[in-house]
>>> print(open('query-v2.txt').read())   # compact mmCIF, C-alpha atoms and all ligand atoms
# COMPACT_ATOMS: atom_id res chain seq x y z
CA MET A 1 -14.93 92.13 38.60
CA ILE A 2 -14.44 88.38 38.22
CA GLU A 3 -11.29 86.99 36.59
CA ILE A 4 -11.33 83.38 35.49
CA GLU A 5 -7.89 82.12 34.52
CA SER A 6 -7.40 78.75 32.79
CA LEU A 7 -10.10 77.12 34.88
CA SER A 8 -10.47 73.35 34.56
CA LYS A 9 -12.76 71.12 36.60
CA ARG A 10 -12.76 67.36 36.16
CA TYR A 11 -15.23 64.86 37.56
CA GLY A 12 -13.69 61.39 37.21
CA ASP A 13 -12.67 61.05 33.56
CA THR A 14 -14.73 63.92 32.19
CA TYR A 15 -13.99 67.60 32.19
CA ALA A 16 -17.00 69.73 33.13
CA VAL A 17 -14.88 72.82 32.32
CA ARG A 18 -11.63 72.88 30.41
CA ASP A 19 -9.02 75.65 30.26
CA LEU A 20 -11.61 78.40 30.49
CA SER A 21 -10.47 82.04 30.72
CA PHE A 22 -12.54 85.21 30.68
CA GLU A 23 -13.36 88.31 32.73
CA VAL A 24 -16.72 89.58 33.91
CA ARG A 25 -16.68 93.38 34.14
CA PRO A 26 -18.72 95.80 36.22
CA GLY A 27 -21.47 98.08 34.94
CA ARG A 28 -23.04 95.66 32.53
CA VAL A 29 -25.06 92.46 32.41
CA THR A 30 -22.92 89.58 31.17
CA GLY A 31 -24.90 86.60 29.92
CA PHE A 32 -23.28 83.20 30.44
CA LEU A 33 -24.65 80.94 27.76
CA GLY A 34 -24.25 77.36 26.73
CA PRO A 35 -26.33 74.25 26.07
CA ASN A 36 -27.33 72.00 28.97
CA GLY A 37 -24.28 70.44 30.55
CA ALA A 38 -21.88 73.01 29.06
CA GLY A 39 -20.33 73.78 32.46
CA LYS A 40 -22.09 77.00 33.50
CA SER A 41 -23.15 75.89 36.98
CA THR A 42 -19.75 74.32 37.58
CA THR A 43 -18.05 77.63 36.73
CA MET A 44 -20.38 79.63 38.97
CA ARG A 45 -19.89 77.23 41.86
CA ALA A 46 -16.13 77.53 41.41
CA VAL A 47 -16.37 81.37 41.53
CA LEU A 48 -18.08 81.01 44.92
CA GLY A 49 -15.51 78.56 46.24
CA LEU A 50 -18.14 75.77 46.38
CA ASP A 51 -16.19 73.63 43.89
CA LEU A 52 -12.43 73.38 43.96
CA PRO A 53 -10.85 73.81 40.51
CA THR A 54 -8.79 70.91 39.14
CA ALA A 55 -6.54 73.59 37.62
CA GLY A 56 -6.50 77.35 37.14
CA ARG A 57 -7.78 80.07 39.44
CA ILE A 58 -10.56 82.57 39.91
CA LEU A 59 -10.24 86.05 41.38
CA VAL A 60 -13.18 87.97 42.83
CA ASP A 61 -12.36 91.65 43.31
CA GLY A 62 -8.72 90.63 42.87
CA ARG A 63 -8.69 87.79 45.39
CA PRO A 64 -9.71 84.14 45.57
CA TYR A 65 -13.15 83.82 47.17
CA ALA A 66 -11.68 82.04 50.20
CA ALA A 67 -9.42 85.04 50.88
CA LEU A 68 -12.26 87.60 50.95
CA GLU A 69 -13.12 89.09 54.32
CA ARG A 70 -16.92 89.20 54.69
CA PRO A 71 -17.47 87.61 51.25
CA LEU A 72 -21.21 88.47 51.19
CA THR A 73 -20.24 92.14 50.85
CA HIS A 74 -18.32 91.29 47.65
CA VAL A 75 -20.47 88.72 45.90
CA GLY A 76 -24.09 87.58 46.17
CA ALA A 77 -25.49 84.58 44.35
CA LEU A 78 -28.75 82.98 43.40
CA LEU A 79 -27.87 79.39 42.60
CA ASP A 80 -30.83 77.34 43.75
CA ALA A 81 -33.82 79.04 45.33
CA GLY A 82 -34.87 75.82 47.06
CA GLY A 83 -32.49 75.89 50.00
CA VAL A 84 -34.62 77.76 52.56
CA HIS A 85 -36.19 76.16 55.66
CA PRO A 86 -39.96 76.03 54.85
CA GLY A 87 -41.00 76.71 58.47
CA ARG A 88 -39.17 80.05 58.61
CA SER A 89 -40.54 83.38 57.50
CA ALA A 90 -38.74 85.39 54.84
CA ARG A 91 -37.66 87.88 57.50
CA GLN A 92 -36.34 85.14 59.82
CA HIS A 93 -34.39 83.59 56.96
CA LEU A 94 -32.79 86.90 55.99
CA ARG A 95 -32.01 87.75 59.63
CA ALA A 96 -30.21 84.43 60.04
CA VAL A 97 -28.14 85.01 56.88
CA ALA A 98 -27.36 88.58 57.99
CA ALA A 99 -26.22 87.40 61.42
CA ALA A 100 -24.03 84.63 59.98
CA GLY A 101 -22.47 87.08 57.49
CA LYS A 102 -22.00 89.85 60.11
CA LEU A 103 -24.23 92.17 58.07
CA PRO A 104 -26.27 95.00 59.62
CA GLU A 105 -29.84 93.97 60.42
CA ARG A 106 -31.35 97.04 58.73
CA ARG A 107 -30.39 95.44 55.42
CA VAL A 108 -33.14 92.84 55.96
CA ASP A 109 -35.95 95.36 55.51
CA GLU A 110 -34.08 97.16 52.72
CA VAL A 111 -33.80 94.01 50.59
CA LEU A 112 -37.35 92.86 51.40
CA GLY A 113 -38.52 96.20 50.02
CA ARG A 114 -36.31 96.00 46.96
CA VAL A 115 -37.63 92.60 45.88
CA GLY A 116 -41.26 93.41 46.70
CA LEU A 117 -41.69 90.96 49.60
CA ALA A 118 -42.23 93.49 52.42
CA ALA A 119 -45.94 92.69 52.69
CA VAL A 120 -45.33 88.94 53.10
CA ALA A 121 -42.11 89.16 55.14
CA ASP A 122 -43.60 87.32 58.14
CA ARG A 123 -45.25 84.50 56.22
CA ARG A 124 -43.79 80.98 56.21
CA VAL A 125 -41.59 80.38 53.18
CA GLY A 126 -43.18 76.92 52.80
CA GLY A 127 -46.30 78.64 51.47
CA PHE A 128 -44.41 80.79 48.93
CA SER A 129 -44.92 80.41 45.18
CA LEU A 130 -41.90 79.73 42.98
CA GLY A 131 -41.82 83.41 42.02
CA MET A 132 -41.82 84.50 45.67
CA ARG A 133 -39.07 82.03 46.53
CA GLN A 134 -37.03 83.36 43.64
CA ARG A 135 -37.47 86.90 44.98
CA LEU A 136 -36.36 85.72 48.41
CA GLY A 137 -33.29 84.10 46.85
CA ILE A 138 -32.48 87.41 45.19
CA ALA A 139 -33.06 89.30 48.44
CA THR A 140 -30.55 86.94 50.06
CA ALA A 141 -28.02 87.64 47.29
CA LEU A 142 -28.47 91.41 47.76
CA LEU A 143 -28.21 91.33 51.56
CA GLY A 144 -24.51 92.24 51.74
CA ASP A 145 -24.95 95.02 49.13
CA PRO A 146 -22.33 93.24 47.00
CA GLY A 147 -20.68 94.69 43.91
CA ILE A 148 -20.89 91.32 42.14
CA LEU A 149 -24.03 89.26 41.56
CA LEU A 150 -24.31 85.77 40.11
CA PHE A 151 -27.64 84.40 38.94
CA ASP A 152 -27.81 80.78 37.75
CA GLU A 153 -30.81 80.32 35.42
CA PRO A 154 -32.85 82.87 37.40
CA VAL A 155 -35.99 82.85 35.25
CA ASN A 156 -36.52 79.07 35.09
CA GLY A 157 -40.17 78.32 35.74
CA LEU A 158 -41.26 81.95 36.21
CA ASP A 159 -44.32 83.54 34.63
CA PRO A 160 -43.90 86.46 32.15
CA GLU A 161 -44.32 89.08 34.86
CA GLY A 162 -41.69 87.42 37.06
CA ILE A 163 -39.33 87.18 34.07
CA ARG A 164 -39.81 90.86 33.26
CA TRP A 165 -39.17 91.80 36.87
CA ILE A 166 -35.89 89.87 37.05
CA ARG A 167 -34.70 91.31 33.74
CA ASP A 168 -35.39 94.86 34.89
CA LEU A 169 -33.69 94.19 38.22
CA MET A 170 -30.55 92.83 36.54
CA LYS A 171 -30.34 95.88 34.30
CA ALA A 172 -30.85 98.21 37.26
CA LEU A 173 -28.11 96.45 39.24
CA ALA A 174 -25.70 96.82 36.32
CA ALA A 175 -26.65 100.50 35.94
CA GLU A 176 -25.64 100.97 39.59
CA GLY A 177 -22.14 99.88 38.53
CA ARG A 178 -22.34 96.29 39.75
CA THR A 179 -20.99 93.22 37.98
CA VAL A 180 -23.98 91.11 36.94
CA PHE A 181 -23.27 87.59 35.68
CA VAL A 182 -26.28 85.53 34.67
CA SER A 183 -26.44 82.06 33.16
CA SER A 184 -28.98 80.62 30.78
CA HIS A 185 -29.21 77.92 28.14
CA LEU A 186 -31.66 80.07 26.17
CA MET A 187 -30.48 83.03 24.15
CA SER A 188 -34.03 84.38 24.01
CA GLU A 189 -33.76 85.08 27.74
CA MET A 190 -30.62 87.13 27.23
CA GLU A 191 -31.66 88.91 24.08
CA HIS A 192 -33.15 91.91 25.87
CA THR A 193 -30.97 91.86 28.97
CA ALA A 194 -27.32 91.10 28.31
CA ASP A 195 -24.86 93.70 27.08
CA HIS A 196 -22.09 91.18 26.83
CA LEU A 197 -22.06 87.42 26.23
CA VAL A 198 -19.73 84.64 27.27
CA VAL A 199 -20.67 81.47 25.40
CA ILE A 200 -19.33 78.04 26.35
CA GLY A 201 -19.85 74.58 24.95
CA ARG A 202 -18.62 71.30 26.43
CA GLY A 203 -16.66 73.21 29.03
CA ARG A 204 -14.73 75.36 26.56
CA LEU A 205 -14.97 79.01 25.59
CA ILE A 206 -16.78 79.56 22.28
CA ALA A 207 -17.23 83.35 22.35
CA ASP A 208 -16.61 86.35 24.61
CA ILE A 209 -18.30 89.14 22.72
CA ALA A 210 -20.60 92.19 22.90
CA ALA A 211 -24.18 91.07 22.19
CA ARG A 212 -24.46 93.60 19.36
CA GLU A 213 -21.25 92.42 17.76
CA LEU A 214 -22.40 88.81 17.80
CA ILE A 215 -25.48 89.74 15.78
CA ALA A 216 -23.50 91.87 13.36
CA ARG A 217 -20.93 89.13 12.83
CA SER A 218 -23.48 86.42 12.27
CA ALA A 219 -25.88 88.42 10.13
CA GLY A 220 -26.36 86.82 6.74
CA GLY A 221 -26.62 90.32 5.29
CA PHE A 222 -28.90 89.63 2.34
CA LEU A 223 -31.95 91.31 0.91
CA THR A 224 -35.24 89.78 -0.12
CA VAL A 225 -36.34 91.54 -3.32
CA ARG A 226 -39.71 90.94 -4.99
CA THR A 227 -40.55 92.12 -8.49
CA ASP A 228 -43.10 91.24 -11.16
CA ASP A 229 -40.30 90.90 -13.72
CA PRO A 230 -37.32 89.01 -12.23
CA GLY A 231 -35.41 88.20 -15.44
CA PRO A 232 -34.06 91.69 -16.27
CA LEU A 233 -33.57 92.54 -12.60
CA ILE A 234 -31.32 89.49 -12.06
CA ALA A 235 -29.10 90.60 -14.94
CA LEU A 236 -29.08 94.20 -13.74
CA LEU A 237 -28.18 93.43 -10.13
CA ALA A 238 -25.57 90.83 -11.10
CA GLY A 239 -24.04 93.39 -13.45
CA ALA A 240 -23.78 95.83 -10.54
CA GLY A 241 -21.85 93.32 -8.43
CA GLY A 242 -24.68 91.63 -6.49
CA GLN A 243 -24.92 87.91 -5.84
CA VAL A 244 -28.45 87.08 -6.89
CA THR A 245 -30.32 83.82 -6.24
CA PRO A 246 -33.95 83.23 -7.29
CA ASP A 247 -36.07 82.32 -4.26
CA GLY A 248 -39.54 81.66 -5.66
CA PRO A 249 -41.32 82.87 -8.85
CA ASP A 250 -41.13 86.60 -8.12
CA THR A 251 -38.56 86.70 -5.32
CA LEU A 252 -34.78 87.15 -5.32
CA ARG A 253 -32.24 86.83 -2.56
CA VAL A 254 -29.55 89.48 -3.06
CA ALA A 255 -26.20 89.81 -1.29
CA GLY A 256 -23.48 92.38 -1.85
CA LEU A 257 -25.80 95.36 -2.53
CA ASP A 258 -27.79 97.48 -0.13
CA GLY A 259 -31.49 98.30 -0.41
CA ASP A 260 -30.92 101.83 -1.71
CA GLN A 261 -28.69 100.60 -4.52
CA VAL A 262 -31.21 97.96 -5.59
CA ALA A 263 -34.07 100.49 -5.57
CA ARG A 264 -32.11 103.07 -7.61
CA LEU A 265 -30.93 100.54 -10.20
CA ALA A 266 -34.47 99.19 -10.65
CA HIS A 267 -35.96 102.67 -10.85
CA ARG A 268 -33.52 103.75 -13.56
CA ALA A 269 -34.31 100.61 -15.61
CA GLY A 270 -38.06 101.10 -15.15
CA ILE A 271 -38.48 97.84 -13.19
CA LEU A 272 -41.21 97.77 -10.58
CA LEU A 273 -40.17 96.52 -7.13
CA LEU A 274 -42.84 95.03 -4.87
CA GLU A 275 -40.62 94.54 -1.83
CA VAL A 276 -37.07 95.16 -0.59
CA THR A 277 -36.38 93.80 2.90
CA ARG A 278 -33.16 93.28 4.79
CA GLN A 279 -32.99 89.89 6.49
CA SER A 280 -31.25 90.14 9.82
CA VAL A 281 -30.31 87.29 12.11
CA SER A 282 -31.72 87.14 15.62
CA LEU A 283 -29.41 86.67 18.56
CA GLU A 284 -31.01 83.23 19.00
CA ASP A 285 -29.97 82.20 15.47
CA ALA A 286 -26.47 83.55 16.00
CA TYR A 287 -26.18 81.61 19.23
CA LEU A 288 -27.46 78.36 17.72
CA ARG A 289 -24.90 78.65 14.96
CA LEU A 290 -22.14 79.14 17.50
CA THR A 291 -23.11 76.24 19.73
CA ASP A 292 -24.29 73.83 17.06
CA ALA A 293 -21.17 71.67 17.24
CA SER A 294 -21.10 71.54 21.02
CA VAL A 295 -24.52 70.17 21.91
CA GLU A 296 -24.01 66.98 23.89
CA TYR A 297 -27.26 65.19 23.11
CA ARG A 298 -29.59 65.94 20.28
CA GLY A 299 -32.77 64.47 18.88
CA ALA A 300 -32.55 62.20 15.85
N1 LIG B 1 -20.86 66.70 40.89
C1 LIG B 1 -20.70 66.23 39.65
N2 LIG B 1 -20.25 64.99 39.44
C2 LIG B 1 -20.09 64.51 38.19
N3 LIG B 1 -20.31 65.21 37.07
C3 LIG B 1 -20.76 66.45 37.20
C4 LIG B 1 -20.98 67.05 38.48
N4 LIG B 1 -21.41 68.32 38.30
C5 LIG B 1 -21.48 68.52 36.96
N5 LIG B 1 -21.08 67.40 36.30
C6 LIG B 1 -21.00 67.26 34.82
O1 LIG B 1 -20.28 68.35 34.32
C7 LIG B 1 -20.86 68.84 33.11
C8 LIG B 1 -21.20 70.30 33.26
O2 LIG B 1 -22.30 70.44 34.18
P1 LIG B 1 -22.91 71.84 34.62
O3 LIG B 1 -24.02 71.56 35.56
O4 LIG B 1 -21.83 72.74 35.06
O5 LIG B 1 -23.50 72.38 33.24
P2 LIG B 1 -24.52 73.56 32.96
O6 LIG B 1 -23.96 74.29 31.81
O7 LIG B 1 -24.78 74.31 34.20
O8 LIG B 1 -25.81 72.78 32.50
P3 LIG B 1 -27.37 73.08 32.70
O9 LIG B 1 -27.73 74.17 31.73
O10 LIG B 1 -27.96 71.76 32.31
O11 LIG B 1 -27.57 73.43 34.13
C9 LIG B 1 -22.05 67.95 32.83
O12 LIG B 1 -21.64 66.95 31.89
C10 LIG B 1 -22.36 67.33 34.17
O13 LIG B 1 -22.94 66.06 34.01
>>> encode(input="query-v2.txt", output="C-alpha cells")
Amino acid sequence: MIEIESLSKRYGDTYAVRDLSFEVRPGRVTGFLGPNGAGKSTTMRAVLGLDLPTAGRILVDGRPYAALERPLTHVGALLDAGGVHPGRSARQHLRAVAAAGKLPERRVDEVLGRVGLAAVADRRVGGFSLGMRQRLGIATALLGDPGILLFDEPVNGLDPEGIRWIRDLMKALAAEGRTVFVSSHLMSEMEHTADHLVVIGRGRLIADIAARELIARSAGGFLTVRTDDPGPLIALLAGAGGQVTPDGPDTLRVAGLDGDQVARLAHRAGILLLEVTRQSVSLEDAYLRLTDASVEYRGA
C-alpha cells in the first residue's frame, strides 16, 4: 500500500505536483495517467525517496521510504531501463543488486526465469534489445520479492508481444496480492490492464476512480436508430419521453430510452427499424474528456 498525502513538489517557480493525495491499494493494477509533463514521474520518484517533497508526505507500507529496513523487499521499481552497465551480464547485474540490497542470491535465478531471460543470463547487457533490457529492469524490480511494484511507462518502445507480456505480468503480480502502480500517458495502454485509475493533470488530481466507473460515468448513453420512415418515429419516441435528434436522412440519435423500449414502440406502430445500436464511450474518450483542460501544449 502506498499513501500519498498532500504531496507538492516545486522546481523553481513551477509546481510539478501540487497538493496531491491518493492511495494505491494491493491486489489490483492501478494506472497512473496524465498527459506529458503532468507530474507522474515526479510522484513516482518521490515515492522511492529519489526526490524530496516540497510539502506533504508519502508512506510505503506505513512508513516513509527512508525509514524502511531493506527497502527492496517492500518496493521494486522500473523507472528507466537504461541504467545498467553494458559490459556486465544480466546475471552479474542482478547479483550486484542482490548483494547491495542484502537479498539472497537464489533470487537471481528465480527472477531471470520469471522474466524469460534465463537462456541469455550470461550475455553482455550491451547487446540486449530494448525488450530484453526492459525485462532485465523488471527482473531487478522483482529481486526483493516486494509487495509493491512501480512501473514508469513500462511499454514505451516495445513491440506488441513485449507489450502483451508486460500487461500479463502486471495482472499476475496484482493477482498475487501485490500493489501494482503503473504510469502511462496513453489510456489505450491501460484499457485492458488497470482495475483502478488515478488521473492527474498539471500536477493535480483529476480522478481517482475504478476503470469501469469512469466509462459508465462518461458514457454518452445514446442510441443510434435507423428507420426508412423517420418522421412518425421521431414523434413516437419524443412522445414516450426520448430526446430525439435527426443524424442523417434515415438515422436518429435517441437519448432517454433504451433499445428494447424503442423496438417495442416501433413494432406496435408498425414502423420498420433497420438498426438500433447503443453508443458507448471508450476509456480513451473518457480520459481525453477528463484531461482536455490540463494539456500543457497542444497543436494549433
Ligand atoms: N528536475 C527537474 N527540474 C525542473 N523541472 C522538472 C524536473 N523534473 C520535472 N520537471 C517538470 O515538472 C513537470 C512534471 O514532470 P514529470 O516528468 O513528473 O511529468 P510526467 O507526467 O512524468 O511526464 P511524461 O509523461 O512526459 O514523462 C514538468 O513540467 C517538468 O518539466
>>> residues_near_ligand(input="query-v2.txt", ligand="ligand LIG 1 (chain B)", cutoff="12 Å", atoms="all atoms listed in the file", output="PyMOL selection string")
chain A and resi 8-18+32-46+50-52+79-80+151-154+156+182-187+199-205+294-297
>>> residues_around(input="query-v2.txt", residues="region 133-137 of chain A", least_positions_apart="4", cutoff="7 Å", atoms="all atoms listed in the file", output="ChimeraX atom specification")
/A:78,81,90,115,128-129,141
>>> write_last_selection(input="query-v2.txt", atoms="C-alpha atoms", output="tab-separated table (two decimals), keeping the file's coordinate frame")
chain	number	residue	atom	x	y	z
A	78	LEU	CA	-28.75	82.98	43.40
A	81	ALA	CA	-33.82	79.04	45.33
A	90	ALA	CA	-38.74	85.39	54.84
A	115	VAL	CA	-37.63	92.60	45.88
A	128	PHE	CA	-44.41	80.79	48.93
A	129	SER	CA	-44.92	80.41	45.18
A	141	ALA	CA	-28.02	87.64	47.29
>>> residues_around(input="query-v2.txt", residues="region 91-103 of chain A", least_positions_apart="5", cutoff="10 Å", atoms="all atoms listed in the file", output="ChimeraX atom specification")
/A:70-73,84-86,108-109,111-112,117-118,120-125,136-137,139-141,143-145
>>> residues_around(input="query-v2.txt", residues="region 261-272 of chain A", least_positions_apart="2", cutoff="10 Å", atoms="all atoms listed in the file", output="MDAnalysis selection string")
chainID A and resid 223 225:230 232:233 236:237 240 242 254 257:259 274:276
>>> atom_distance(input="query-v2.txt", atom1="CA of Arg164 (chain A)", atom2="CA of Asp61 (chain A)")
29.2 Å
>>> atom_distance(input="query-v2.txt", atom1="CA of Ser188 (chain A)", atom2="CA of Asp285 (chain A)")
9.7 Å
>>> atom_distance(input="query-v2.txt", atom1="CA of Ile58 (chain A)", atom2="CA of Ile138 (chain A)")
23.1 Å
>>> closest_residue(input="query-v2.txt", among="A:Ile2, A:Gly126, A:Arg57, A:Gly116", to="Leu169 (chain A)", atoms="only C-alpha atoms")
A:Gly116
>>> residues_around(input="query-v2.txt", residues="Asp208 (chain A)", least_positions_apart="4", cutoff="9 Å", atoms="all atoms listed in the file", output="JSON, numbers by chain")
{"A": [22, 23, 196, 197, 198, 199, 200]}
>>> axis_aligned_box(input="query-v2.txt", around="region 281-292 of chain A", padding_each_side="4 Å", output="lines of an AutoDock Vina configuration file")
center_x = -26.9
center_y = 80.6
center_z = 15.9
size_x = 17.6
size_y = 21.5
size_z = 15.6
>>> residues_around(input="query-v2.txt", residues="region 24-29 of chain A", least_positions_apart="6", cutoff="7 Å", atoms="only C-alpha atoms", output="number ranges by chain")
A: 1-3, 170-171, 174-181, 193-196
>>> closest_residue(input="query-v2.txt", among="A:Leu150, A:Leu130, A:Leu214, A:Met190", to="Asp168 (chain A)", atoms="all atoms listed in the file")
A:Met190
>>> build_atoms(input="query-v2.txt", residues="region 87-103 of chain A", atoms="N, CA and C atoms", output="PDB file, keeping the file's coordinate frame")
ATOM      1  N   GLY A  87     -40.281  76.256  57.280  1.00  0.00           N
ATOM      2  CA  GLY A  87     -41.000  76.710  58.470  1.00  0.00           C
ATOM      3  C   GLY A  87     -40.649  78.136  58.872  1.00  0.00           C
ATOM      4  N   ARG A  88     -39.580  78.688  58.269  1.00  0.00           N
ATOM      5  CA  ARG A  88     -39.170  80.050  58.610  1.00  0.00           C
ATOM      6  C   ARG A  88     -39.899  81.079  57.781  1.00  0.00           C
ATOM      7  N   SER A  89     -40.013  82.282  58.319  1.00  0.00           N
ATOM      8  CA  SER A  89     -40.540  83.380  57.500  1.00  0.00           C
ATOM      9  C   SER A  89     -39.392  83.955  56.685  1.00  0.00           C
ATOM     10  N   ALA A  90     -39.763  84.755  55.673  1.00  0.00           N
ATOM     11  CA  ALA A  90     -38.740  85.390  54.840  1.00  0.00           C
ATOM     12  C   ALA A  90     -37.833  86.263  55.710  1.00  0.00           C
ATOM     13  N   ARG A  91     -38.451  86.991  56.650  1.00  0.00           N
ATOM     14  CA  ARG A  91     -37.660  87.880  57.500  1.00  0.00           C
ATOM     15  C   ARG A  91     -36.704  87.092  58.393  1.00  0.00           C
ATOM     16  N   GLN A  92     -37.207  85.975  58.967  1.00  0.00           N
ATOM     17  CA  GLN A  92     -36.340  85.140  59.820  1.00  0.00           C
ATOM     18  C   GLN A  92     -35.163  84.587  59.011  1.00  0.00           C
ATOM     19  N   HIS A  93     -35.458  84.143  57.805  1.00  0.00           N
ATOM     20  CA  HIS A  93     -34.390  83.590  56.960  1.00  0.00           C
ATOM     21  C   HIS A  93     -33.313  84.650  56.701  1.00  0.00           C
ATOM     22  N   LEU A  94     -33.761  85.847  56.322  1.00  0.00           N
ATOM     23  CA  LEU A  94     -32.790  86.900  55.990  1.00  0.00           C
ATOM     24  C   LEU A  94     -32.019  87.349  57.236  1.00  0.00           C
ATOM     25  N   ARG A  95     -32.698  87.378  58.382  1.00  0.00           N
ATOM     26  CA  ARG A  95     -32.010  87.750  59.630  1.00  0.00           C
ATOM     27  C   ARG A  95     -30.903  86.748  59.951  1.00  0.00           C
ATOM     28  N   ALA A  96     -31.211  85.466  59.743  1.00  0.00           N
ATOM     29  CA  ALA A  96     -30.210  84.430  60.040  1.00  0.00           C
ATOM     30  C   ALA A  96     -28.996  84.582  59.118  1.00  0.00           C
ATOM     31  N   VAL A  97     -29.273  84.852  57.824  1.00  0.00           N
ATOM     32  CA  VAL A  97     -28.140  85.010  56.880  1.00  0.00           C
ATOM     33  C   VAL A  97     -27.342  86.263  57.241  1.00  0.00           C
ATOM     34  N   ALA A  98     -28.049  87.334  57.622  1.00  0.00           N
ATOM     35  CA  ALA A  98     -27.360  88.580  57.990  1.00  0.00           C
ATOM     36  C   ALA A  98     -26.473  88.365  59.218  1.00  0.00           C
ATOM     37  N   ALA A  99     -27.001  87.644  60.197  1.00  0.00           N
ATOM     38  CA  ALA A  99     -26.220  87.400  61.420  1.00  0.00           C
ATOM     39  C   ALA A  99     -24.983  86.568  61.095  1.00  0.00           C
ATOM     40  N   ALA A 100     -25.164  85.506  60.305  1.00  0.00           N
ATOM     41  CA  ALA A 100     -24.030  84.630  59.980  1.00  0.00           C
ATOM     42  C   ALA A 100     -22.972  85.393  59.179  1.00  0.00           C
ATOM     43  N   GLY A 101     -23.424  86.344  58.334  1.00  0.00           N
ATOM     44  CA  GLY A 101     -22.470  87.080  57.490  1.00  0.00           C
ATOM     45  C   GLY A 101     -21.998  88.377  58.120  1.00  0.00           C
ATOM     46  N   LYS A 102     -22.379  88.617  59.400  1.00  0.00           N
ATOM     47  CA  LYS A 102     -22.000  89.850  60.110  1.00  0.00           C
ATOM     48  C   LYS A 102     -22.440  91.093  59.324  1.00  0.00           C
ATOM     49  N   LEU A 103     -23.680  91.039  58.833  1.00  0.00           N
ATOM     50  CA  LEU A 103     -24.230  92.170  58.070  1.00  0.00           C
ATOM     51  C   LEU A 103     -25.218  92.921  58.966  1.00  0.00           C
TER      52      LEU A 103
END
